[in-house]
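Participant: This structure is in C-alpha cells; I'll ask about it shortly.
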Amino acid sequence: MRLRSLMFAVFLVSAAAGKARASGCPATPVAEEGGSHWCYSAGARGNVHLWTPAGYDPATAVTIVYVHGHDIDASPRGQAHYLDGAWSAHRLAAQFAASGIGALFVAVEGPLNDRQKVKWDSLDALLRSIRADGGVKPPGRVVAVAHSAGIFTVKRFLGDARLAHVIVLDAAYQDAPKRLASWYRGSKDRRLTLVGAQSVGWKTARLVRALGCRKELDENAARCASLIDTGLGHMAVVTAGGILPLTLARIRR
C-alpha cells in the first residue's frame with residue numbers, strides 16, 4: 001500500500017511539472033518540465049536526447065543513461081526516430097524531474113526488434129559522443145537504466161569502470177541475469193535495482209533470490225533492492241509514471 005501511495009504521489013508531481021513541451025529533436029536547449037532538453041543526431045546510432053534539471057551542478061551530478069525496449073503495438077508511431085516519440089509519449093522528462101536527482105539525463109536509441117543490432121556497443125563511445133556533439137561533459141559516475149530489450153545495450157556497458165549502478169525494468173532477458181550477477185559481485189561499490197513485471201518477472205525474482213536483494217525499493221542503503229509484484233504491465237512499468245522515478249531515487253546514497 002505504501003508503495004502504491006508513493007507511485008500515485010510521484011505521478012501527481014509529474015503531471016504538475018512544467019508545461020513546456022519539446023517536440024522531436026530540439027537542436028538547442030528548450031524549457032521542459034522545469035529543466036532543459038536538447039538533442040543531437042549521432043548518425044546511424046540515432047538521436048541522443050539530453051535533459052538537465054534546474055540548478056544542474058556538474059560537480060556533484062551523475063550521468064544517467066536510459067535505453068528503451070523494442071517497438072511494440074503500444075509504442076508511439078509515425079516518428080522518424082522511435083526515441084523522439086517515446087520521449088514525449090512516455091513523458092521521460094517528467095519522470096526524470098520527479099526523481100529529484102541532480103543528473104545529466106541521457107536517452108539513447110536501441111534496437112526496435114530482434115533483427116536490429118545494438119547501436120551503442122560501448123559506454124565510452126556514448127560518453128565521447130555526448131562530449132563532442134552534445135555540448136556538455138558527462139559526469140564520470142554513470143547509472144544505466146534498461147527497460148525490456150534495452151538490456152541488450154546496457155550489457156555492453158558492464159565492462160566500463162564508470163558504471164556504478166544498473167536499474168533493470170522488466171529486462172531480465174537471455175543471459176542478462178548471469179551477466180548482471182557477475183558484474184554486481186565484481187565490486188562492493190556497485191549497486192543494482194531490479195524491477196520485474198509481466199514479461200520476465202519470474203527471472204527477475206530468481207536473480208533477486210540469488211543475490212539476496214532487499215525487496216523494497218525505498219531501501220536506499222541496500223546495494224541491491226527490488227520490486228517484483230508491481231501490479232503493472234510490461235509497458236506500464238515505464239509509461240504509468242511511478243516506477244522510473246522511484247528507482248532513480250535510489251541513486252542517492
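Naming works like this for the C-alpha cells: A, B, ... for the chains as they're shown, residue 1 at the start of each chain, ligands 1 onward in shown order.
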Give me the residues near segment 203-209 of chain A as a list of chain:residue names, where near means some atom within 6 Å (using only C-alpha atoms) and where sequence neighbours in that chain fewer than 4 positions away do not count.

Facilitator: A:Ala172, A:Gly196, A:Cys213

Participant: Write out the residues from the selection above, keeping N, CA and C atoms, as a PDB file, in the first residue's frame.

Facilitator:
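Written file, out.pdb:
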```
ATOM      1  N   ALA A 172      15.092  -8.848 -17.656  1.00  0.00           N
ATOM      2  CA  ALA A 172      15.995  -9.977 -17.392  1.00  0.00           C
ATOM      3  C   ALA A 172      15.922 -11.012 -18.514  1.00  0.00           C
ATOM      4  N   GLY A 196      10.623  -6.367 -11.683  1.00  0.00           N
ATOM      5  CA  GLY A 196      10.059  -7.412 -12.527  1.00  0.00           C
ATOM      6  C   GLY A 196       8.554  -7.223 -12.680  1.00  0.00           C
ATOM      7  N   CYS A 213      18.905  -9.766  -2.655  1.00  0.00           N
ATOM      8  CA  CYS A 213      18.486  -8.361  -2.732  1.00  0.00           C
ATOM      9  C   CYS A 213      17.352  -8.073  -1.762  1.00  0.00           C
TER      10      CYS A 213
END
```

Participant: Mind checking which residues fall within 6 Å of Thr52 of chain A, counting only C-alpha atoms, ignoring those fewer than 6 positions away in the same chain, and posting them as a list in words?

Facilitator: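 What passes the distance filter is Gly35, Ser36 and Leu104 of chain A.
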
Participant: Go ahead and save the picked residues with N, CA and C atoms, as a compact mmCIF listing (two decimals), in the first residue's frame.

Facilitator:
```txt
# COMPACT_ATOMS: atom_id res chain seq x y z
N GLY A 35 13.30 21.95 -16.48
CA GLY A 35 14.72 21.84 -16.80
C GLY A 35 14.96 22.20 -18.25
N SER A 36 16.06 21.70 -18.80
CA SER A 36 16.42 21.99 -20.19
C SER A 36 16.60 20.70 -20.97
N LEU A 104 22.82 14.56 -15.37
CA LEU A 104 22.68 14.71 -16.81
C LEU A 104 21.95 13.47 -17.28
```

Participant: Pick the closest to Gly233 of chain A from A:Ala197, A:Val62, A:Val168, A:Val67: which is it, counting only C-alpha atoms?

Facilitator: A:Ala197

Participant: Check segment 96-196 of chain A with DSSP on the backbone and list each residue it calls strand (DSSP E), as a JSON list (two decimals) with N, CA and C atoms, in the first residue's frame.

Facilitator:
```
[["chain", "number", "residue", "atom", "x", "y", "z"],
["A", 103, "ALA", "N", 21.31, 15.30, -12.18],
["A", 103, "ALA", "CA", 21.98, 14.44, -13.15],
["A", 103, "ALA", "C", 21.89, 15.00, -14.55],
["A", 104, "LEU", "N", 22.82, 14.56, -15.37],
["A", 104, "LEU", "CA", 22.68, 14.71, -16.81],
["A", 104, "LEU", "C", 21.95, 13.47, -17.28],
["A", 105, "PHE", "N", 20.69, 13.63, -17.66],
["A", 105, "PHE", "CA", 19.88, 12.51, -18.12],
["A", 105, "PHE", "C", 20.06, 12.35, -19.63],
["A", 106, "VAL", "N", 20.32, 11.12, -20.03],
["A", 106, "VAL", "CA", 20.58, 10.81, -21.43],
["A", 106, "VAL", "C", 19.66, 9.68, -21.86],
["A", 107, "ALA", "N", 18.99, 9.83, -22.98],
["A", 107, "ALA", "CA", 18.18, 8.76, -23.55],
["A", 107, "ALA", "C", 18.70, 8.45, -24.95],
["A", 108, "VAL", "N", 18.98, 7.20, -25.21],
["A", 108, "VAL", "CA", 19.56, 6.80, -26.49],
["A", 108, "VAL", "C", 18.67, 5.78, -27.18],
["A", 142, "VAL", "N", 28.33, 6.88, -13.63],
["A", 142, "VAL", "CA", 27.27, 6.59, -14.58],
["A", 142, "VAL", "C", 26.29, 5.58, -14.01],
["A", 143, "VAL", "N", 25.01, 5.84, -14.25],
["A", 143, "VAL", "CA", 23.92, 4.90, -13.94],
["A", 143, "VAL", "C", 23.23, 4.54, -15.24],
["A", 144, "ALA", "N", 23.04, 3.26, -15.50],
["A", 144, "ALA", "CA", 22.36, 2.81, -16.71],
["A", 144, "ALA", "C", 20.99, 2.24, -16.36],
["A", 145, "VAL", "N", 19.99, 2.65, -17.12],
["A", 145, "VAL", "CA", 18.61, 2.19, -16.91],
["A", 145, "VAL", "C", 18.14, 1.48, -18.16],
["A", 146, "ALA", "N", 17.75, 0.23, -18.02],
["A", 146, "ALA", "CA", 17.29, -0.55, -19.17],
["A", 146, "ALA", "C", 15.85, -0.99, -18.98],
["A", 147, "HIS", "N", 15.00, -0.62, -19.93],
["A", 147, "HIS", "CA", 13.66, -1.19, -19.96],
["A", 147, "HIS", "C", 13.60, -2.25, -21.05],
["A", 163, "LEU", "N", 30.63, 2.71, -14.70],
["A", 163, "LEU", "CA", 29.26, 2.28, -14.44],
["A", 163, "LEU", "C", 29.13, 1.86, -12.98],
["A", 164, "ALA", "N", 28.36, 2.61, -12.20],
["A", 164, "ALA", "CA", 28.25, 2.39, -10.76],
["A", 164, "ALA", "C", 26.94, 1.74, -10.35],
["A", 165, "HIS", "N", 25.91, 1.86, -11.18],
["A", 165, "HIS", "CA", 24.56, 1.42, -10.77],
["A", 165, "HIS", "C", 23.79, 1.03, -12.03],
["A", 166, "VAL", "N", 23.14, -0.12, -12.00],
["A", 166, "VAL", "CA", 22.29, -0.56, -13.10],
["A", 166, "VAL", "C", 20.87, -0.72, -12.59],
["A", 167, "ILE", "N", 19.92, -0.14, -13.32],
["A", 167, "ILE", "CA", 18.49, -0.26, -13.00],
["A", 167, "ILE", "C", 17.85, -1.08, -14.11],
["A", 168, "VAL", "N", 17.22, -2.19, -13.72],
["A", 168, "VAL", "CA", 16.66, -3.15, -14.68],
["A", 168, "VAL", "C", 15.14, -3.13, -14.56],
["A", 169, "LEU", "N", 14.45, -2.68, -15.60],
["A", 169, "LEU", "CA", 12.99, -2.55, -15.59],
["A", 169, "LEU", "C", 12.38, -3.65, -16.45],
["A", 191, "ARG", "N", 25.95, -1.01, -7.45],
["A", 191, "ARG", "CA", 24.56, -1.11, -6.96],
["A", 191, "ARG", "C", 23.65, -1.60, -8.09],
["A", 192, "LEU", "N", 22.59, -2.27, -7.67],
["A", 192, "LEU", "CA", 21.67, -2.87, -8.62],
["A", 192, "LEU", "C", 20.24, -2.68, -8.14],
["A", 193, "THR", "N", 19.36, -2.28, -9.05],
["A", 193, "THR", "CA", 17.94, -2.13, -8.75],
["A", 193, "THR", "C", 17.17, -2.96, -9.76],
["A", 194, "LEU", "N", 16.35, -3.89, -9.27],
["A", 194, "LEU", "CA", 15.67, -4.86, -10.14],
["A", 194, "LEU", "C", 14.17, -4.73, -10.01],
["A", 195, "VAL", "N", 13.50, -4.53, -11.14],
["A", 195, "VAL", "CA", 12.04, -4.47, -11.19],
["A", 195, "VAL", "C", 11.55, -5.55, -12.15]]
```

Participant: Can you pull out every residue within 10 Å of segment 41-48 of chain A, counting only C-alpha atoms, but drop anything in the same chain fewer than 3 positions away, and send it as a list in words?

Facilitator: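 After dropping sequence-adjacent residues, the list is Gly24, Cys25, Ala27, Trp38, Ala80, His81, Tyr82, Leu83, Asp84, Val106, Ala107, Val108, Glu109, Gly110, Pro111, Val118, Lys119, Trp120, Asp121, Leu126, Ser129, Ile130, Asp133 and Gly134 of chain A.
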
Participant: So that I can check the surroundings of segment 122-125 of chain A, please list as number ranges by chain every protein, DNA and RNA residue that reaches within 9 Å of it, counting only C-alpha atoms and ignoring chain neighbours fewer than 5 positions away.

Facilitator: A: 130, 153-154, 156-160, 162-163

Participant: Write out as a PyMOL selection string the set of residues from segment 108-228 of chain A that DSSP, computed on the backbone, places in alpha helix (DSSP H).

Facilitator: chain A and resi 123-133+151-154+176-185+201-211

Participant: Write out, as a CSV table (one decimal), in the first residue's frame, the residues just selected, with N, CA and C atoms.

Facilitator:
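This went into out03.csv:
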```csv
chain,number,residue,atom,x,y,z
A,123,LEU,N,30.0,2.1,-23.5
A,123,LEU,CA,29.6,3.3,-22.8
A,123,LEU,C,30.6,4.4,-23.2
A,124,ASP,N,31.9,4.0,-23.4
A,124,ASP,CA,32.9,5.0,-23.7
A,124,ASP,C,32.5,5.8,-25.0
A,125,ALA,N,32.1,5.0,-26.0
A,125,ALA,CA,31.7,5.7,-27.3
A,125,ALA,C,30.5,6.7,-27.1
A,126,LEU,N,29.6,6.3,-26.2
A,126,LEU,CA,28.5,7.2,-25.9
A,126,LEU,C,28.9,8.5,-25.2
A,127,LEU,N,29.8,8.3,-24.2
A,127,LEU,CA,30.2,9.5,-23.4
A,127,LEU,C,31.1,10.4,-24.3
A,128,ARG,N,31.9,9.8,-25.1
A,128,ARG,CA,32.7,10.7,-26.0
A,128,ARG,C,31.8,11.4,-27.0
A,129,SER,N,30.8,10.7,-27.5
A,129,SER,CA,29.8,11.4,-28.4
A,129,SER,C,29.1,12.6,-27.7
A,130,ILE,N,28.7,12.4,-26.5
A,130,ILE,CA,28.0,13.4,-25.8
A,130,ILE,C,28.9,14.6,-25.6
A,131,ARG,N,30.1,14.4,-25.2
A,131,ARG,CA,31.1,15.5,-25.0
A,131,ARG,C,31.4,16.2,-26.3
A,132,ALA,N,31.5,15.4,-27.4
A,132,ALA,CA,31.9,16.1,-28.7
A,132,ALA,C,30.7,16.8,-29.4
A,133,ASP,N,29.5,16.1,-29.3
A,133,ASP,CA,28.4,16.6,-30.1
A,133,ASP,C,27.2,17.1,-29.3
A,151,ILE,N,18.1,-3.8,-22.2
A,151,ILE,CA,19.2,-4.5,-21.6
A,151,ILE,C,20.3,-5.0,-22.5
A,152,PHE,N,19.9,-5.2,-23.8
A,152,PHE,CA,21.0,-5.7,-24.7
A,152,PHE,C,22.0,-4.6,-25.0
A,153,THR,N,21.6,-3.3,-24.9
A,153,THR,CA,22.5,-2.2,-25.0
A,153,THR,C,23.3,-2.1,-23.7
A,154,VAL,N,22.6,-2.1,-22.5
A,154,VAL,CA,23.3,-1.9,-21.2
A,154,VAL,C,24.3,-3.0,-21.0
A,176,ALA,N,21.1,-12.0,-19.5
A,176,ALA,CA,21.2,-10.8,-18.7
A,176,ALA,C,21.3,-11.1,-17.2
A,177,PRO,N,20.6,-12.0,-16.6
A,177,PRO,CA,20.7,-12.3,-15.1
A,177,PRO,C,22.1,-12.8,-14.8
A,178,LYS,N,22.7,-13.6,-15.6
A,178,LYS,CA,24.1,-14.1,-15.3
A,178,LYS,C,25.1,-13.0,-15.4
A,179,ARG,N,24.9,-12.2,-16.5
A,179,ARG,CA,25.9,-11.1,-16.7
A,179,ARG,C,25.8,-10.0,-15.6
A,180,LEU,N,24.5,-9.7,-15.2
A,180,LEU,CA,24.3,-8.7,-14.1
A,180,LEU,C,24.8,-9.2,-12.8
A,181,ALA,N,24.6,-10.5,-12.5
A,181,ALA,CA,25.1,-11.1,-11.2
A,181,ALA,C,26.6,-11.0,-11.2
A,182,SER,N,27.3,-11.4,-12.3
A,182,SER,CA,28.8,-11.3,-12.3
A,182,SER,C,29.3,-9.9,-12.1
A,183,TRP,N,28.6,-8.9,-12.8
A,183,TRP,CA,29.0,-7.5,-12.7
A,183,TRP,C,28.8,-7.1,-11.2
A,184,TYR,N,27.7,-7.4,-10.7
A,184,TYR,CA,27.4,-6.9,-9.3
A,184,TYR,C,28.3,-7.5,-8.3
A,185,ARG,N,28.7,-8.7,-8.4
A,185,ARG,CA,29.6,-9.4,-7.4
A,185,ARG,C,31.0,-8.9,-7.6
A,201,GLY,N,9.2,-11.3,-15.0
A,201,GLY,CA,9.2,-11.1,-13.6
A,201,GLY,C,9.8,-12.3,-12.8
A,202,TRP,N,9.5,-13.5,-13.3
A,202,TRP,CA,10.0,-14.7,-12.7
A,202,TRP,C,11.5,-14.8,-12.7
A,203,LYS,N,12.1,-14.4,-13.8
A,203,LYS,CA,13.6,-14.4,-13.9
A,203,LYS,C,14.2,-13.4,-13.1
A,204,THR,N,13.5,-12.2,-13.0
A,204,THR,CA,14.0,-11.2,-12.1
A,204,THR,C,13.9,-11.7,-10.6
A,205,ALA,N,12.8,-12.3,-10.2
A,205,ALA,CA,12.7,-12.8,-8.9
A,205,ALA,C,13.8,-13.9,-8.6
A,206,ARG,N,14.1,-14.7,-9.5
A,206,ARG,CA,15.2,-15.7,-9.3
A,206,ARG,C,16.5,-15.0,-9.1
A,207,LEU,N,16.8,-13.9,-9.8
A,207,LEU,CA,18.0,-13.2,-9.6
A,207,LEU,C,18.0,-12.5,-8.3
A,208,VAL,N,16.9,-12.0,-7.8
A,208,VAL,CA,16.8,-11.3,-6.5
A,208,VAL,C,17.2,-12.3,-5.4
A,209,ARG,N,16.7,-13.5,-5.5
A,209,ARG,CA,17.0,-14.5,-4.5
A,209,ARG,C,18.5,-14.9,-4.6
A,210,ALA,N,19.0,-15.0,-5.8
A,210,ALA,CA,20.4,-15.4,-5.9
A,210,ALA,C,21.4,-14.4,-5.3
A,211,LEU,N,21.0,-13.1,-5.4
A,211,LEU,CA,21.9,-12.1,-4.9
A,211,LEU,C,21.5,-11.6,-3.5
```

Participant: One decimal, Å: what's the distance from atom CA of Val136 of chain A over to atom CA of Ser148 of chain A, could you say?

Facilitator: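 Between these atoms lies a distance of 28.2 Å.
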
Participant: If we count only C-alpha atoms, what is near Ala149 of chain A at a cut-off of 7 Å, once residues fewer than 3 positions away on the same chain are taken out, given as a list of chain:residue names?

Facilitator: A:Gly69, A:His70, A:Phe152, A:Ala171

Participant: Quick one: everything within 7 Å of Gly241 of chain A, counting only C-alpha atoms, minus sequence neighbours fewer than 2 positions away in the same chain. Send it as a PyMOL selection string.

Facilitator: chain A and resi 11+95+238-239+243-244

Participant: Could the residues in this selection be written to a file with C-alpha atoms, as a CSV table (one decimal), in the first residue's frame?

Facilitator:
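The resulting part-v7.csv:
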```csv
chain,number,residue,atom,x,y,z
A,11,PHE,CA,2.5,10.6,-10.8
A,95,GLN,CA,9.7,11.2,-14.8
A,238,VAL,CA,7.8,3.0,-17.8
A,239,THR,CA,4.6,4.6,-19.0
A,243,ILE,CA,8.2,3.2,-11.1
A,244,LEU,CA,11.0,5.0,-13.0
```
